[in-house]
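Here is query_36.cif, consisting of mmCIF, C-alpha atoms (C1' of nucleotides):
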```cif
data_data
#
loop_
_atom_site.label_atom_id
_atom_site.label_comp_id
_atom_site.auth_asym_id
_atom_site.auth_seq_id
_atom_site.Cartn_x
_atom_site.Cartn_y
_atom_site.Cartn_z
CA MET A 430 185.45 80.04 203.22
CA SER A 431 184.00 79.54 199.77
CA ASN A 432 187.42 79.15 198.13
CA GLU A 433 186.37 79.93 194.59
CA LEU A 434 189.02 80.04 191.94
CA THR A 435 189.31 81.77 188.60
CA ILE A 436 190.08 79.69 185.58
CA GLY A 437 193.72 80.71 185.63
CA ARG A 438 194.24 79.49 189.16
CA VAL A 439 192.51 76.24 188.42
CA ALA A 440 194.76 75.87 185.44
CA LYS A 441 197.85 76.39 187.53
CA GLY A 442 196.63 74.07 190.22
CA THR A 443 195.86 71.20 187.92
CA GLY A 444 198.60 71.62 185.36
CA CYS A 445 195.98 71.98 182.69
CA ASN A 446 195.94 75.03 180.55
CA VAL A 447 193.18 77.58 180.39
CA GLN A 448 192.00 76.86 176.89
CA THR A 449 191.87 73.18 177.63
CA ILE A 450 189.56 73.79 180.59
CA ARG A 451 187.23 75.79 178.39
CA TYR A 452 187.46 73.05 175.80
CA TYR A 453 186.45 70.40 178.32
CA GLU A 454 183.52 72.53 179.30
CA GLN A 455 182.54 73.00 175.69
CA ILE A 456 182.50 69.29 174.94
CA GLY A 457 180.45 68.66 178.04
CA LEU A 458 183.11 66.98 180.10
CA LEU A 459 183.08 69.66 182.76
CA PRO A 460 179.86 71.20 184.06
CA LEU A 461 179.14 74.86 183.44
CA PRO A 462 180.68 76.75 186.34
CA ARG A 463 179.01 79.69 187.99
CA ARG A 464 180.05 83.10 186.73
CA SER A 465 181.14 86.29 188.45
CA GLU A 466 179.30 89.59 188.01
CA GLY A 467 181.61 90.26 185.12
CA ASN A 468 180.93 86.88 183.48
CA GLN A 469 184.15 85.21 184.49
CA ARG A 470 184.13 81.55 185.42
CA LEU A 471 184.40 80.69 189.09
CA TYR A 472 185.23 77.16 190.14
CA ASP A 473 184.69 75.45 193.44
CA ASP A 474 186.61 72.53 194.85
CA SER A 475 184.41 69.93 193.25
CA ALA A 476 185.19 71.26 189.80
CA VAL A 477 188.88 71.23 190.58
CA GLN A 478 188.48 67.65 191.74
CA LYS A 479 186.73 66.67 188.56
CA LEU A 480 189.32 68.34 186.40
CA SER A 481 192.06 66.60 188.35
CA PHE A 482 190.32 63.36 187.64
CA ILE A 483 190.19 64.13 183.96
CA ARG A 484 193.80 65.22 183.72
CA HIS A 485 194.99 62.30 185.70
CA ALA A 486 193.06 59.91 183.54
CA ARG A 487 194.42 61.58 180.43
CA GLU A 488 197.93 61.09 181.73
CA LEU A 489 197.14 57.45 182.26
CA GLY A 490 196.31 57.36 178.59
CA PHE A 491 192.54 57.17 178.81
CA PRO A 492 190.92 58.71 175.76
CA LEU A 493 188.29 61.33 176.47
CA GLN A 494 185.55 58.91 175.55
CA ALA A 495 186.63 56.46 178.22
CA ILE A 496 186.74 59.30 180.70
CA ARG A 497 183.27 60.34 179.69
CA ASP A 498 182.14 56.78 180.29
CA LEU A 499 183.76 56.66 183.70
CA ILE A 500 182.13 59.92 184.68
CA SER A 501 178.72 58.77 183.61
CA LEU A 502 179.24 55.53 185.52
CA ALA A 503 180.17 57.51 188.57
CA ASP A 504 176.84 59.25 188.34
CA ARG A 505 174.98 55.98 188.74
CA PRO A 506 176.63 54.58 191.85
CA ASP A 507 174.08 51.82 192.27
CA LYS A 508 175.37 49.87 189.29
CA SER A 509 178.09 47.31 189.54
CA CYS A 510 181.53 48.67 188.90
CA GLU A 511 182.32 45.96 186.40
CA ALA A 512 182.24 48.45 183.59
CA ALA A 513 184.64 50.83 185.27
CA ASP A 514 186.87 47.93 186.06
CA ALA A 515 186.80 46.78 182.46
CA ILE A 516 187.87 50.18 181.24
CA ALA A 517 190.71 50.28 183.72
CA ARG A 518 191.83 46.77 182.86
CA GLU A 519 191.86 47.49 179.19
CA GLN A 520 193.92 50.56 179.82
CA LEU A 521 196.28 48.65 182.03
CA GLU A 522 196.99 46.14 179.34
CA ASP A 523 197.70 48.89 176.90
CA ILE A 524 200.04 50.61 179.29
CA GLY A 525 201.95 47.40 179.74
CA LYS A 526 202.57 47.21 176.02
CA ARG A 527 203.59 50.82 175.81
CA LEU A 528 206.01 50.36 178.66
CA GLN A 529 207.68 47.42 177.03
CA ARG A 530 208.07 49.17 173.75
CA LEU A 531 209.35 52.35 175.33
CA GLN A 532 211.94 50.44 177.28
CA ALA A 533 213.19 48.62 174.23
CA LEU A 534 213.34 51.83 172.33
CA ARG A 535 215.18 53.62 175.05
CA SER A 536 218.03 51.19 175.03
CA GLU A 537 218.17 51.50 171.31
CA LEU A 538 218.35 55.27 171.52
CA GLU A 539 220.97 55.04 174.21
CA ARG A 540 223.10 52.89 172.03
CA MET A 541 222.63 55.32 169.20
CA VAL A 542 223.69 58.30 171.25
CA GLU A 543 226.61 56.35 172.63
CA GLN A 544 227.88 55.45 169.20
CA CYS A 545 227.50 58.92 167.83
CA LYS A 546 230.22 60.86 169.59
CA GLY A 547 231.20 63.93 167.67
CA GLY A 548 231.84 62.01 164.49
CA ARG A 549 230.64 62.96 161.06
CA ILE A 550 227.31 61.91 159.72
CA ALA A 551 229.03 59.55 157.36
CA ASP A 552 230.17 57.60 160.43
CA CYS A 553 227.16 58.34 162.55
CA ARG A 554 224.90 55.46 163.40
CA VAL A 555 221.86 57.38 164.51
CA ILE A 556 220.29 57.46 161.11
CA GLU A 557 221.41 54.02 160.12
CA THR A 558 220.18 52.52 163.33
CA LEU A 559 216.80 54.05 162.88
CA GLY A 560 216.49 52.44 159.49
CA ASP A 561 217.55 49.05 160.72
CA HIS A 562 214.78 46.90 161.98
CA SER A 563 216.88 43.93 162.89
CA LEU A 564 218.23 45.71 165.96
CA CYS A 565 214.78 46.32 167.29
CA GLU A 566 213.61 44.07 170.06
CA THR A 567 209.92 44.66 169.59
CA ASP A 568 208.76 42.57 166.71
CA ASP A 569 205.27 43.94 166.46
CA HIS A 570 205.68 45.76 163.20
CA VAL A 571 205.94 42.90 160.82
CA LEU A 572 202.19 43.20 160.75
CA PRO A 573 200.05 46.35 160.81
CA LYS A 574 197.75 47.52 163.61
CA VAL A 575 199.92 50.01 165.45
CA ARG A 576 198.40 53.22 166.84
CA PRO A 577 197.37 52.43 170.43
CA MET B 958 215.15 41.03 139.78
CA SER B 959 213.84 44.55 140.10
CA ASN B 960 211.84 43.76 143.21
CA GLU B 961 209.29 46.51 142.93
CA LEU B 962 206.39 46.56 145.30
CA THR B 963 202.91 48.00 145.18
CA ILE B 964 201.82 50.30 147.94
CA GLY B 965 199.83 47.57 149.63
CA ARG B 966 202.81 45.28 149.88
CA VAL B 967 204.99 48.04 151.21
CA ALA B 968 202.30 48.75 153.78
CA LYS B 969 202.24 45.15 154.93
CA GLY B 970 206.00 44.94 155.02
CA THR B 971 206.47 48.03 157.13
CA GLY B 972 203.40 47.90 159.33
CA CYS B 973 202.34 51.25 158.01
CA ASN B 974 199.00 51.62 156.41
CA VAL B 975 198.37 52.58 152.84
CA GLN B 976 196.85 56.00 153.45
CA THR B 977 199.69 56.88 155.74
CA ILE B 978 202.22 56.13 153.04
CA ARG B 979 200.37 58.39 150.65
CA TYR B 980 200.18 60.99 153.38
CA TYR B 981 203.94 60.87 153.93
CA GLU B 982 204.43 61.32 150.24
CA GLN B 983 202.03 64.24 150.19
CA ILE B 984 203.84 66.10 152.93
CA GLY B 985 207.14 65.54 151.20
CA LEU B 986 208.57 63.02 153.63
CA LEU B 987 208.74 60.27 151.06
CA PRO B 988 209.94 60.91 147.51
CA LEU B 989 207.52 60.49 144.62
CA PRO B 990 207.75 56.86 143.56
CA ARG B 991 207.72 55.80 139.96
CA ARG B 992 204.36 54.77 138.58
CA SER B 993 203.17 51.79 136.59
CA GLU B 994 201.52 52.11 133.19
CA GLY B 995 198.23 52.31 135.00
CA ASN B 996 199.45 55.04 137.35
CA GLN B 997 199.96 52.88 140.38
CA ARG B 998 202.85 53.58 142.71
CA LEU B 999 205.81 51.22 142.54
CA TYR B 1000 208.38 51.23 145.28
CA ASP B 1001 211.92 49.95 145.28
CA ASP B 1002 213.95 48.77 148.24
CA SER B 1003 215.31 52.21 149.04
CA ALA B 1004 211.82 53.58 149.50
CA VAL B 1005 210.95 50.71 151.78
CA GLN B 1006 214.11 51.42 153.73
CA LYS B 1007 213.20 55.07 154.09
CA LEU B 1008 209.70 54.27 155.20
CA SER B 1009 211.07 51.83 157.74
CA PHE B 1010 213.25 54.58 159.05
CA ILE B 1011 210.29 56.91 159.35
CA ARG B 1012 208.06 54.37 161.06
CA HIS B 1013 210.77 53.31 163.41
CA ALA B 1014 211.50 56.89 164.36
CA ARG B 1015 207.80 57.53 164.87
CA GLU B 1016 207.63 54.60 167.21
CA LEU B 1017 210.54 56.04 169.10
CA GLY B 1018 208.41 59.10 169.54
CA PHE B 1019 210.12 61.43 167.12
CA PRO B 1020 207.69 63.95 165.70
CA LEU B 1021 207.58 64.19 161.94
CA GLN B 1022 209.50 67.44 162.03
CA ALA B 1023 212.43 65.82 163.82
CA ILE B 1024 212.36 63.04 161.29
CA ARG B 1025 212.37 65.55 158.50
CA ASP B 1026 215.42 67.15 160.11
CA LEU B 1027 217.21 63.84 160.43
CA ILE B 1028 216.54 63.03 156.81
CA SER B 1029 217.88 66.33 155.64
CA LEU B 1030 220.94 65.85 157.82
CA ALA B 1031 221.49 62.45 156.31
CA ASP B 1032 221.64 64.09 152.93
CA ARG B 1033 224.66 66.16 153.95
CA PRO B 1034 227.01 63.45 155.24
CA ASP B 1035 230.00 65.78 155.42
CA LYS B 1036 228.61 67.75 158.35
CA SER B 1037 229.22 66.86 161.94
CA CYS B 1038 226.62 64.64 163.43
CA GLU B 1039 226.17 66.83 166.45
CA ALA B 1040 222.76 67.89 165.26
CA ALA B 1041 221.52 64.36 164.80
CA ASP B 1042 222.90 63.48 168.17
CA ALA B 1043 221.13 66.43 169.75
CA ILE B 1044 217.81 65.33 168.31
CA ALA B 1045 218.31 61.82 169.61
CA ARG B 1046 219.38 63.03 173.03
CA GLU B 1047 216.41 65.28 173.36
CA GLN B 1048 214.14 62.42 172.45
CA LEU B 1049 215.90 60.15 174.91
CA GLU B 1050 215.28 62.53 177.75
CA ASP B 1051 211.65 62.75 176.86
CA ILE B 1052 211.32 58.99 176.74
CA GLY B 1053 212.86 58.75 180.18
CA LYS B 1054 210.19 61.01 181.59
CA ARG B 1055 207.42 59.17 179.86
CA LEU B 1056 208.72 55.87 181.18
CA GLN B 1057 208.76 57.08 184.74
CA ARG B 1058 205.29 58.44 184.58
CA LEU B 1059 203.89 55.39 182.90
CA GLN B 1060 205.42 53.16 185.53
CA ALA B 1061 203.97 55.20 188.36
CA LEU B 1062 200.64 55.21 186.70
CA ARG B 1063 200.67 51.51 186.06
CA SER B 1064 201.05 50.65 189.69
CA GLU B 1065 198.25 53.02 190.45
CA LEU B 1066 195.99 51.35 187.91
CA GLU B 1067 196.97 47.96 189.22
CA ARG B 1068 195.97 48.97 192.69
CA MET B 1069 192.73 50.33 191.34
CA VAL B 1070 191.82 47.17 189.52
CA GLU B 1071 192.79 45.17 192.55
CA GLN B 1072 190.55 47.15 194.84
CA CYS B 1073 187.61 47.10 192.49
CA LYS B 1074 186.52 43.49 192.61
CA GLY B 1075 182.94 43.18 191.58
CA GLY B 1076 181.75 45.69 194.12
CA ARG B 1077 179.41 48.54 193.41
CA ILE B 1078 180.56 51.87 192.13
CA ALA B 1079 179.73 53.35 195.48
CA ASP B 1080 182.54 51.24 196.91
CA CYS B 1081 184.71 51.29 193.85
CA ARG B 1082 187.93 53.20 194.05
CA VAL B 1083 188.70 53.47 190.36
CA ILE B 1084 187.10 56.83 189.96
CA GLU B 1085 188.15 58.16 193.30
CA THR B 1086 191.72 57.12 192.80
CA LEU B 1087 191.87 58.83 189.49
CA GLY B 1088 190.76 62.04 191.11
CA ASP B 1089 193.27 61.79 193.89
CA HIS B 1090 196.53 63.43 193.16
CA SER B 1091 198.17 62.66 196.46
CA LEU B 1092 198.71 59.09 195.36
CA CYS B 1093 200.53 60.22 192.31
CA GLU B 1094 204.30 60.22 192.43
CA THR B 1095 204.77 62.88 189.82
CA ASP B 1096 204.16 66.16 191.58
CA ASP B 1097 204.56 68.65 188.80
CA HIS B 1098 201.21 70.31 189.22
CA VAL B 1099 200.54 71.03 192.83
CA LEU B 1100 197.71 73.27 193.90
CA PRO B 1101 198.46 76.66 195.38
CA LYS B 1102 196.21 76.34 198.42
CA VAL B 1103 195.91 80.05 199.14
CA ARG B 1104 196.64 83.07 197.06
CA PRO B 1105 200.30 83.99 197.36
"C1'" DA C 1259 193.14 107.04 187.15
"C1'" DT C 1260 195.54 104.22 184.74
"C1'" DA C 1261 198.06 100.36 183.55
"C1'" DC C 1262 198.14 95.80 182.69
"C1'" DA C 1263 197.38 91.02 183.59
"C1'" DG C 1264 193.70 88.00 183.30
"C1'" DT C 1265 189.41 86.78 181.21
"C1'" DC C 1266 185.71 86.49 177.59
"C1'" DT C 1267 183.82 84.58 172.83
"C1'" DA C 1268 184.43 82.86 168.43
"C1'" DC C 1269 186.94 80.87 165.25
"C1'" DA C 1270 191.07 79.06 162.80
"C1'" DG C 1271 195.00 76.05 162.98
"C1'" DT C 1272 197.80 71.91 164.45
"C1'" DA C 1273 199.67 66.96 164.27
"C1'" DA C 1274 199.19 62.81 162.46
"C1'" DC C 1275 196.56 60.38 160.77
"C1'" DT C 1276 191.85 57.83 159.16
"C1'" DA C 1277 187.72 57.39 156.41
"C1'" DT C 1278 184.78 58.10 152.51
"C1'" DA C 1279 183.18 58.60 147.71
"C1'" DG C 1280 183.53 57.58 143.26
"C1'" DG C 1281 186.26 56.03 139.88
"C1'" DT C 1282 190.37 52.89 137.56
"C1'" DT C 1283 193.64 48.93 137.20
"C1'" DC C 1284 195.17 44.35 137.59
"C1'" DA C 1285 195.39 39.32 138.26
"C1'" DA C 1286 192.70 35.14 138.53
"C1'" DG C 1287 188.88 32.07 137.39
"C1'" DG C 1288 185.44 30.48 134.09
"C1'" DC D 1089 188.43 36.62 126.13
"C1'" DC D 1090 185.47 38.23 129.72
"C1'" DT D 1091 184.20 39.10 134.15
"C1'" DT D 1092 184.73 39.79 138.90
"C1'" DG D 1093 186.65 41.48 142.94
"C1'" DA D 1094 190.51 43.08 145.42
"C1'" DA D 1095 193.73 46.59 145.30
"C1'" DC D 1096 194.64 50.93 143.60
"C1'" DC D 1097 193.76 56.04 142.28
"C1'" DT D 1098 192.42 61.22 143.62
"C1'" DA D 1099 190.19 64.45 146.33
"C1'" DT D 1100 188.14 65.77 150.22
"C1'" DA D 1101 186.28 65.61 154.79
"C1'" DG D 1102 186.51 63.93 159.49
"C1'" DT D 1103 189.03 62.64 163.83
"C1'" DT D 1104 191.19 63.52 168.53
"C1'" DA D 1105 192.73 66.49 171.66
"C1'" DC D 1106 194.15 70.27 171.90
"C1'" DT D 1107 196.58 75.21 170.89
"C1'" DG D 1108 196.60 79.81 169.09
"C1'" DT D 1109 194.64 84.27 167.60
"C1'" DA D 1110 191.82 88.51 167.44
"C1'" DG D 1111 189.44 91.85 169.54
"C1'" DA D 1112 186.90 93.20 173.41
"C1'" DC D 1113 185.97 93.24 178.49
"C1'" DT D 1114 187.15 92.74 183.74
"C1'" DG D 1115 189.67 93.00 187.97
"C1'" DT D 1116 193.25 94.74 190.74
"C1'" DA D 1117 197.50 97.04 192.05
"C1'" DT D 1118 199.68 101.33 192.21
#
```
Could I get this file's structure written as structure tokens?
Amino acid sequence: MSNELTIGRVAKGTGCNVQTIRYYEQIGLLPLPRRSEGNQRLYDDSAVQKLSFIRHARELGFPLQAIRDLISLADRPDKSCEAADAIAREQLEDIGKRLQRLQALRSELERMVEQCKGGRIADCRVIETLGDHSLCETDDHVLPKVRP
Amino acid sequence: MSNELTIGRVAKGTGCNVQTIRYYEQIGLLPLPRRSEGNQRLYDDSAVQKLSFIRHARELGFPLQAIRDLISLADRPDKSCEAADAIAREQLEDIGKRLQRLQALRSELERMVEQCKGGRIADCRVIETLGDHSLCETDDHVLPKVRP
DNA sequence: ATACAGTCTACAGTAACTATAGGTTCAAGG
DNA sequence: CCTTGAACCTATAGTTACTGTAGACTGTAT
């Protein structure tokens, strides 16, 4: 069977919300879908696939531009996949950094929550701890260039 | 010594960039600093401390609103610290989720990069893998195969 | 037949910055 | 003292990736 889905069902299926799907279409990331008699979007499996790809990549932390690049690479399957590989590698490196930082920060937060047990703010370490850089294991903010 | 710093020095010291400091001031997160004769901002240690707190919290993933809340809590040190604790706990939970997902995604990316070794895109799994949800360990958006 | 959930377009708003233009201030070198 | 160039100032616009709203239309379940 043709298995065409309305935008709402696609949204549910992919965990993406309806406006976001329309947004992706608008910026040219998703192809224009066919429309019903009443002008409603109807998606086939390939569109769902593509959206899954996009969402998945977004969750991996790829910016839309990188995703756009990957898609356009995919449309020229004769080329070497070096470029796609490079994008993935770059992203991988970034993810490694983010993981490390998140882990360090989690233990810090855990300690904070542990220390703050129904006391008063005067004795509460949450705020103090957050102001104190010496307790932080990641030493990458002595110099600028944050924002990954 | 009075130890007053220009905005640029504060920026370097905290890893925050100059515009961002002005932005924080503009949205009322940082107090108005005193100015030099020539109208340039001059910061004392307490401002640097506060900015450190903000940056640190941002790195922990706190949104500016949560930070605003924490700051206003800190200004009423007689209250119970339950509220601050709640904010931290909430954030901690969120970080846990992000960690899990990032870890899952990293192994996926690693596999992708591994499989894509100088081949052609036709044989390259980077794009395919990113479209394939079955390989993903987080299953929070599963497709409803047929209409319920 | 009607209710009502889902969809449509168009546009405004959000978070958290980042960049630009066009001017002023400050510290160092000649 | 004068100049030069980096750092600073304000104001405004742009960025990314969405999210929300208004007001009208469609599709379907009862």
Evaluate the PyMOL selection byres ((chain C) within 8 of (chain B)) on the structure here and hand back the selected residues as an NGL selection string. :C and (1275-1276 or 1283)
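Residue neighbourhood of DA1273 of chain C, excluding near-sequence residues (fewer than 5 positions): Pro1020, Leu1021 and Gln1022 of chain B; DT1103, DT1104, DA1105, DC1106 and DT1107 of chain D, at 12 Å, using all atoms listed in the file.
A straight line drawn from atom CA of Leu502 of chain A to atom CA of Cys445 of chain A is 23.6 Å long.
When atom CA of Gln532 of chain A is paired with atom CA of Arg1055 of chain B, their separation reads 10.2 Å.
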Pull out every residue that the PyMOL selection byres ((chain D and resi 1095) around 12) matches in the shown coordinates and put them as a ChimeraX atom specification. /B:963-966,975,997-998 /C:1282-1285 /D:1093-1094,1096-1097
Can you write just those residues out, C-alpha atoms (C1' of nucleotides), as a PDB file, in the frame of the given file?
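Contents of the output file part08.pdb:
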```pdb
ATOM      1  CA  THR B 963     202.910  48.000 145.180  1.00  0.00           C
ATOM      2  CA  ILE B 964     201.820  50.300 147.940  1.00  0.00           C
ATOM      3  CA  GLY B 965     199.830  47.570 149.630  1.00  0.00           C
ATOM      4  CA  ARG B 966     202.810  45.280 149.880  1.00  0.00           C
ATOM      5  CA  VAL B 975     198.370  52.580 152.840  1.00  0.00           C
ATOM      6  CA  GLN B 997     199.960  52.880 140.380  1.00  0.00           C
ATOM      7  CA  ARG B 998     202.850  53.580 142.710  1.00  0.00           C
TER       8      ARG B 998
ATOM      9  C1'  DT C1282     190.370  52.890 137.560  1.00  0.00           C
ATOM     10  C1'  DT C1283     193.640  48.930 137.200  1.00  0.00           C
ATOM     11  C1'  DC C1284     195.170  44.350 137.590  1.00  0.00           C
ATOM     12  C1'  DA C1285     195.390  39.320 138.260  1.00  0.00           C
TER      13       DA C1285
ATOM     14  C1'  DG D1093     186.650  41.480 142.940  1.00  0.00           C
ATOM     15  C1'  DA D1094     190.510  43.080 145.420  1.00  0.00           C
ATOM     16  C1'  DC D1096     194.640  50.930 143.600  1.00  0.00           C
ATOM     17  C1'  DC D1097     193.760  56.040 142.280  1.00  0.00           C
TER      18       DC D1097
END
```
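Using all atoms listed in the file, the smallest distance between any of D:DG1108, D:DT1091, D:DA1099, D:DT1116 and chain A comes from D:DG1108.
The spacing separating atom CA of Ile978 of chain B from atom CA of Arg991 of chain B amounts to 14.2 Å.
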Quick one: residues within 12 Å of DT1100 of chain D, only C-alpha atoms (C1' of nucleotides), excluding same-chain residues fewer than 4 positions away - as a ChimeraX atom specification? /C:1277-1280
Can you list, as a VMD selection string, every protein, DNA or RNA residue that comes within 9 Å of Ile1024 of chain B when you count only C-alpha atoms (C1' of nucleotides), leaving out same-chain residues fewer than 3 positions away? chain B and resid 986 1010 to 1011 1014 to 1015 1019 to 1021 1027 to 1029
Take the residues that were just selected and, keeping C-alpha atoms, output them as an mmCIF file, in the frame of the given file.
```cif
data_model
loop_
_atom_site.group_PDB
_atom_site.id
_atom_site.type_symbol
_atom_site.label_atom_id
_atom_site.label_comp_id
_atom_site.auth_asym_id
_atom_site.auth_seq_id
_atom_site.Cartn_x
_atom_site.Cartn_y
_atom_site.Cartn_z
ATOM 1 C CA LEU B 986 208.570 63.020 153.630
ATOM 2 C CA PHE B 1010 213.250 54.580 159.050
ATOM 3 C CA ILE B 1011 210.290 56.910 159.350
ATOM 4 C CA ALA B 1014 211.500 56.890 164.360
ATOM 5 C CA ARG B 1015 207.800 57.530 164.870
ATOM 6 C CA PHE B 1019 210.120 61.430 167.120
ATOM 7 C CA PRO B 1020 207.690 63.950 165.700
ATOM 8 C CA LEU B 1021 207.580 64.190 161.940
ATOM 9 C CA LEU B 1027 217.210 63.840 160.430
ATOM 10 C CA ILE B 1028 216.540 63.030 156.810
ATOM 11 C CA SER B 1029 217.880 66.330 155.640
#
```
Could you tell me which residues the PyMOL selection byres ((chain C and resi 1265-1268) around 7) grabs in this file, written as a PyMOL selection string? (chain A and resi 469) or (chain C and resi 1264+1269) or (chain D and resi 1113-1114)
Selection near Ala512 of chain A, 9 Å with all atoms listed in the file, sequence-local residues under 3 positions removed, as a list in words: Asp498, Leu499, Leu502, Ser509, Ala515, Ile516 and Ala517 of chain A
